[in-house]
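Taking it in order: structure first as structure tokens, then the write-up.
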Amino acid sequence: MIALLLRDLKLAFRAGGGFGLGLAFFLIVTVLVPFSVGPQSSLLSTIAPGILWLGALLACLLSLDRLLALDWEDGSLDLLATAPLPLESVVTIKALAHWLTTGLPLVLAAPFLGVLLNLPVPGYFWLVISLLIGTPAMSVIGTFGAALTVGLKRGGLLLSLLVLPLYVPTLIFGAEVARLGATGMETQTPLLMLAGITAATIALLPFASAAVLRINLR
Amino acid sequence: MTLTVTELAIARGGVPVLERLNFALQPGKALILRGPNGIGKTTLLRTLAGLQPPIAGRVEGAEDKIAYASHSDGIKPTLTVVENLAFWSSVFGANDIQPALDAYALNELADRNAGNLSAGQKRRLGLARMLVTGRPIWMLDEPTVSLDKNAVKMFADAVRAHLGQGGSALIATHIDLGLDGEVLDVGPNKAKPKPIDDFDGGFL
Amino acid sequence: MSIAAKANALWEYANPRKFLATSERVMPFFWITSIACIVIGLVWGFFFTPDDYKQGSTVKIIYLHVPAALMAINCWLMMLATSLVWLVRRHHVSALAARAAAPVGIVMTLIALATGAIWGQPMWGTWWAWDPRLTSFLILFLFYLGYVALWEAIEDPDTAADLTSVLCLVGSVFAILSRYAVNFWNQGLHQGASVMRAAAITGTDTEEKVSNIYFYPLLLCIIGFVLLFIALVLYRTGTEIRARRIKALLARERVNG
């Protein structure tokens, strides 16, 4: 299992691995927002938590189509399915590798992008906390979507269509934490809900992902 | 250790392709799978490897015993030859990769990125993977594609050595490997059409 | 007849031929009664009930809005049930019924959203508000779209049935989660679902009730929509079964030919 994680990390960091693409996308989306809504700092600081959450979510989505497709194309998934490693672990490790190479960098970059959008000072802490708790769910849900569409050529758009509605609860509670936190209000309820959703998806969704992967490998 | 196949029927894309297959693969034996293109050889190998369910019949003695080599080798172009092998070795339980490098003369290529290998060299790397799995039953789908004469000999030697250690191999190939093994010709086993009035069965 | 035997008799309809024969026999009943119920319900509702003291005649869109919204949700529940049956018992008719129901559900969701917007404009002064109920229906619409798109994208019918069934299961959980999330996120303008509350029916409820005068034609419309839904799904399932049969026959021709 650790071998698979290390291999995926190594692949991500090598040439053509796509590490950093998500980050760059996050940066560009954030930079484009003031161009489209105007530079008034009061407006920007109001919408900053939501924009940063949405940007992180889209950056995460962008990298999903590589998550299993490359292993599918070169036959690695077939071989992994015959290996003494349950597919449930394989998809969990894949999601973990995705989070480490995409989700975690987004969490770390978010405060710096917050500066660009004039995020209020108390917001930084809650933005990082909410993303830190929410992004693992996005990786796990994304892995499910990737497993559903893995056999399809040009499945990228379909993947977005399938995954985005599944992201709704995480987005709502996550952005709510950041939004309430930025205005100095109580964040406990949405934070607990966000943590609950993340915990439940990590615990249960890999079974669904492995099941659909098995169906797609037939 | 014997792989036993009883009354096996398999389907590709929902359509039955082979029916009533019966054979046994003893330790130390090779079985050469022959038949025209599209007859279902790959489907049979995938079914035996557990990647797809059979529509009827039983496969015994396959659980966690099979190493499967398909048309694609699961090679990552940005990893070196050694890294590729070491990964599969640790997934299957950390076997020494040196014998595999020796068997397919990959030592000189050990630190090259797999993406820079020729098609034949990649294929050798893919076949070397079989050795590091430590699995007793090899399932090989057209293993000699893009191999030169020398590499085919390496492969035949590796299979012979594997059989000598009590392993077995099921190989779908059209060339003569000079192996001591039976030939299973799957041509005549082609599925017969089911009676057309079987409405529910019409879905299969 | 024992209960077990009855249960077995139910599964006989999972045989495509038996299903087609039976559905063709009962379909005229569903078509006729559903159209009768809807026509009577709408005429009664539109012309023979008084205008609401507060909402005026706009209230009468309720006769389309509420039944469509109910069916939009129940259609998803039906797809969930048939998906489960497919995953557990592998009856092809079940999977095809789920596939057949999805477009009907989409249309019902769209009707609910459109009539809601038309109703909302005079009532709330806006075509659209990010009210939890409206938002939930929009999300439900997205789930339907994804479900249908997945069916369309996969060539092998059994794989498509398996994958869409799992998506339907997972989607149901996330749809419920979204409902709670949306509720938390915005408390909303929409009145509570007052139709089915006992107090509303007996007329003892406060302001938000649907009073007796509106209730009976509405009930008729709801029954009509349920019957219409059944008729449409039976009809579409029959089409799916035949399309599937043609596909299977063509595939067999290729193999044997």
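Simple scheme: letters A, B, ... for chains in structure tokens order, numbers from 1 for residues in each chain, numbers from 1 for ligands in the order shown.
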Select residues of chain A: the criterion is any atom within 6 Å of an atom of chain C, counting only C-alpha atoms; output as a PDB file with C-alpha atoms, in the first residue's frame.
```
ATOM      1  CA  LEU A 161     -21.378  16.703 -14.372  1.00  0.00           C
ATOM      2  CA  LEU A 162     -21.424  13.695 -12.034  1.00  0.00           C
ATOM      3  CA  LEU A 166     -21.932  15.482  -5.072  1.00  0.00           C
ATOM      4  CA  PRO A 169     -22.948  19.638   0.696  1.00  0.00           C
TER       5      PRO A 169
END
```
Legend entry - Interface residues on chain B facing chain A, 7 Å, only C-alpha atoms, written as a PyMOL selection string: chain B and resi 49+51-52+64+68+72-75+78+87+90-92
Closest atom pairs, residues of chain C within 9 Å of chain B, only C-alpha atoms, as CSV:
```
residue,atom,partner,partner_atom,distance
C:Asn15,CA,B:Asp200,CA,6.2
C:Pro16,CA,B:Asp200,CA,6.2
C:Arg17,CA,B:Phe199,CA,6.6
C:His92,CA,B:Phe203,CA,7.8
C:Glu155,CA,B:Gly13,CA,9.0
C:Asp156,CA,B:Gly13,CA,6.1
C:Pro157,CA,B:Gly14,CA,8.0
C:Asp158,CA,B:Gly14,CA,7.3
C:Thr159,CA,B:Gly13,CA,8.9
C:Arg244,CA,B:Phe203,CA,7.2
C:Arg245,CA,B:Phe203,CA,6.4
C:Lys247,CA,B:Phe203,CA,8.6
C:Ala248,CA,B:Phe203,CA,5.7
C:Leu249,CA,B:Gly202,CA,7.1
C:Ala251,CA,B:Val15,CA,6.8
C:Arg252,CA,B:Val15,CA,6.8
C:Val255,CA,B:Val17,CA,7.5
C:Asn256,CA,B:Pro193,CA,7.0
```
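Shell of A:Ala178 at 7 Å, with only C-alpha atoms counted and residues fewer than 6 places along the chain excluded, is Pro49, Gly123, Trp126, Leu127 and Ser130 of chain A.
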Keeping only C-alpha atoms, take the residues you just selected and write them out as an mmCIF file, in the first residue's frame.
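Everything below was put into again_4.cif:
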```cif
data_model
loop_
_atom_site.group_PDB
_atom_site.id
_atom_site.type_symbol
_atom_site.label_atom_id
_atom_site.label_comp_id
_atom_site.auth_asym_id
_atom_site.auth_seq_id
_atom_site.Cartn_x
_atom_site.Cartn_y
_atom_site.Cartn_z
ATOM 1 C CA PRO A 49 -14.223 33.084 1.365
ATOM 2 C CA GLY A 123 -11.006 34.655 7.943
ATOM 3 C CA TRP A 126 -11.147 29.511 9.298
ATOM 4 C CA LEU A 127 -10.417 29.362 5.587
ATOM 5 C CA SER A 130 -12.351 24.533 6.537
#
```
If we count only C-alpha atoms and set the cut-off at 7 Å, which residues sit around stretch 88-94 of chain A, ignoring sequence neighbours fewer than 6 positions away in its own chain? Please answer as an mmCIF file with C-alpha atoms, in the first residue's frame.
```cif
data_model
loop_
_atom_site.group_PDB
_atom_site.id
_atom_site.type_symbol
_atom_site.label_atom_id
_atom_site.label_comp_id
_atom_site.auth_asym_id
_atom_site.auth_seq_id
_atom_site.Cartn_x
_atom_site.Cartn_y
_atom_site.Cartn_z
ATOM 1 C CA LEU A 5 1.288 5.803 -2.444
ATOM 2 C CA THR A 143 -12.178 9.293 -6.873
ATOM 3 C CA PRO A 206 -14.252 3.834 -1.126
ATOM 4 C CA PHE A 207 -16.532 0.773 -1.114
ATOM 5 C CA SER A 209 -15.620 3.464 -5.742
ATOM 6 C CA ALA A 210 -14.118 -0.031 -5.633
#
```
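We find atom CA of C:Met79 and atom CA of C:Val93 to be spaced 12.1 Å apart.
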Inset, instruction - Tell me, in Å to one decimal, how far atom CA of A:Met138 is from atom CA of A:Gly174. - result: 11.0 Å
Legend entry - A:Gly184 surroundings by only C-alpha atoms, 12 Å radius, close-in-sequence under 2 positions cut, as a PyMOL selection string: chain A and resi 120-126+177-182+186-188
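Computed from the coordinates, the atom CA of C:Leu84 to atom CA of C:Cys168 distance equals 9.0 Å.
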Inset, instruction - Check chain B with DSSP on the backbone and list each residue it calls helix (DSSP H, G or I), as a VMD selection string. - result: chain B and resid 41 to 48 81 to 91 98 to 103 107 to 109 114 to 116 119 to 133 149 to 164 187 to 189 201 to 203
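For B:Val183, the set of protein, DNA and RNA residues having any atom at most 10 Å away, when counting only C-alpha atoms and skipping those fewer than 3 positions along the same chain, is Ala30, Leu31, Ile32, Leu33, Arg34, Leu170, Ile171, Ala172, Asp180 and Val186 of chain B.
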